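Asker: Below is a structure I'd like to ask you about.
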Amino acid sequence: MKRGTDRKGNAVSLLFTSILFLVFVLCALFTVLIGSRVYENINRRSDANFTGNTALSYIANKVRQGDRAGMVDVVEMDQTPVLELCQEIGGSQYVTWIYWQDGRIKELFTDASSGLGLQDGLEIMECEGLSLSKEGRLLRIETSGEGGGALSLSLRSGGLETDE
């Protein structure tokens with residue numbers, strides 16, 4: 001009689017151990033699945049923030065480099081707002097245009113009389129939208145879409161003499 005009881009006890013013990021192992025495996029599987037979903041969300045948000053913050057930082061640094069009296073302005077070309085940074089190099093006038101076109105922020109550095117247009121600009125980065133405006137000495141830059149943001153810059157050197 002003891003042998004039958006031992007076999008039943010071993011079978012119950014084996015069954016309990018197997019069920020416990022199965023529960024452990026399922027918990028581990030669900031933990032990995034939930035963790036991967038959290039990782040995907042964090043990665044997506046990080047990419048969106050990178051795009052918005054990098055675009056704003058890039059444009060802000062360009063403005064700070066070219067901030068001279070009367071040399072920073074927002075103009076409209078081909079129904080597109082364009083940040084125009086002018087500078088004189090070796091007696092020649094050069095312009096840098098930064099603008100949004102076809103889902104990308106673009107930049108064009110050229111001689112003022114070259115005849116190049118917005119279609120000739122180089123792609124800087126993809127972005128869902130860019131808004132530029134200038135009121136007196138205050139320049140406002142805004143990126144739209146997920147991770148978008150806004151930045152206001154006060155031009156230190158001032159704008160055109162008529163703006164002050």
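If you're wondering about the labels, chains in the structure tokens are A, B, ... by order shown, residues count from 1 in each chain, ligands from 1 in order shown.
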For segment 94-98 of chain A, find every residue with an atom within 12 Å (counting only C-alpha atoms), except residues of its own chain fewer than 5 positions away, and show them as number ranges by chain.

Answerer: A: 55-56, 58-60, 62-63, 65-66, 71-77, 80-89, 104-125, 130-132, 141

Asker: Could you please determine the separation between atom CA of Trp100 of chain A and atom CA of Leu153 of chain A in Å, to one decimal place?

Answerer: 18.7 Å

Asker: Between A:Gln93, A:Ala48, A:Asn10, A:Gly70, which residue has the minimum interatomic distance to Glu128 of chain A, considering only C-alpha atoms?

Answerer: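 Going through A:Gln93, A:Ala48, A:Asn10, A:Gly70 one by one, the smallest distance to Glu128 of chain A is for A:Ala48.
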
Asker: Would you return as a PyMOL selection string the members of segment 56-106 of chain A that DSSP assigns to alpha helix (DSSP H) on this structure's backbone?

Answerer: chain A and resi 56-65

Asker: Please produce an output containing C-alpha atoms for each residue in the selection, written as a PDB file, in the first residue's frame.

Answerer:
```pdb
ATOM      1  CA  LEU A  56      15.040  74.414 -33.152  1.00  0.00           C
ATOM      2  CA  SER A  57      18.637  74.215 -31.908  1.00  0.00           C
ATOM      3  CA  TYR A  58      20.024  74.191 -35.449  1.00  0.00           C
ATOM      4  CA  ILE A  59      18.062  77.261 -36.509  1.00  0.00           C
ATOM      5  CA  ALA A  60      18.800  79.099 -33.248  1.00  0.00           C
ATOM      6  CA  ASN A  61      22.545  78.527 -33.697  1.00  0.00           C
ATOM      7  CA  LYS A  62      22.401  79.748 -37.297  1.00  0.00           C
ATOM      8  CA  VAL A  63      20.595  82.910 -36.165  1.00  0.00           C
ATOM      9  CA  ARG A  64      23.100  83.509 -33.378  1.00  0.00           C
ATOM     10  CA  GLN A  65      25.978  83.144 -35.852  1.00  0.00           C
TER      11      GLN A  65
END
```
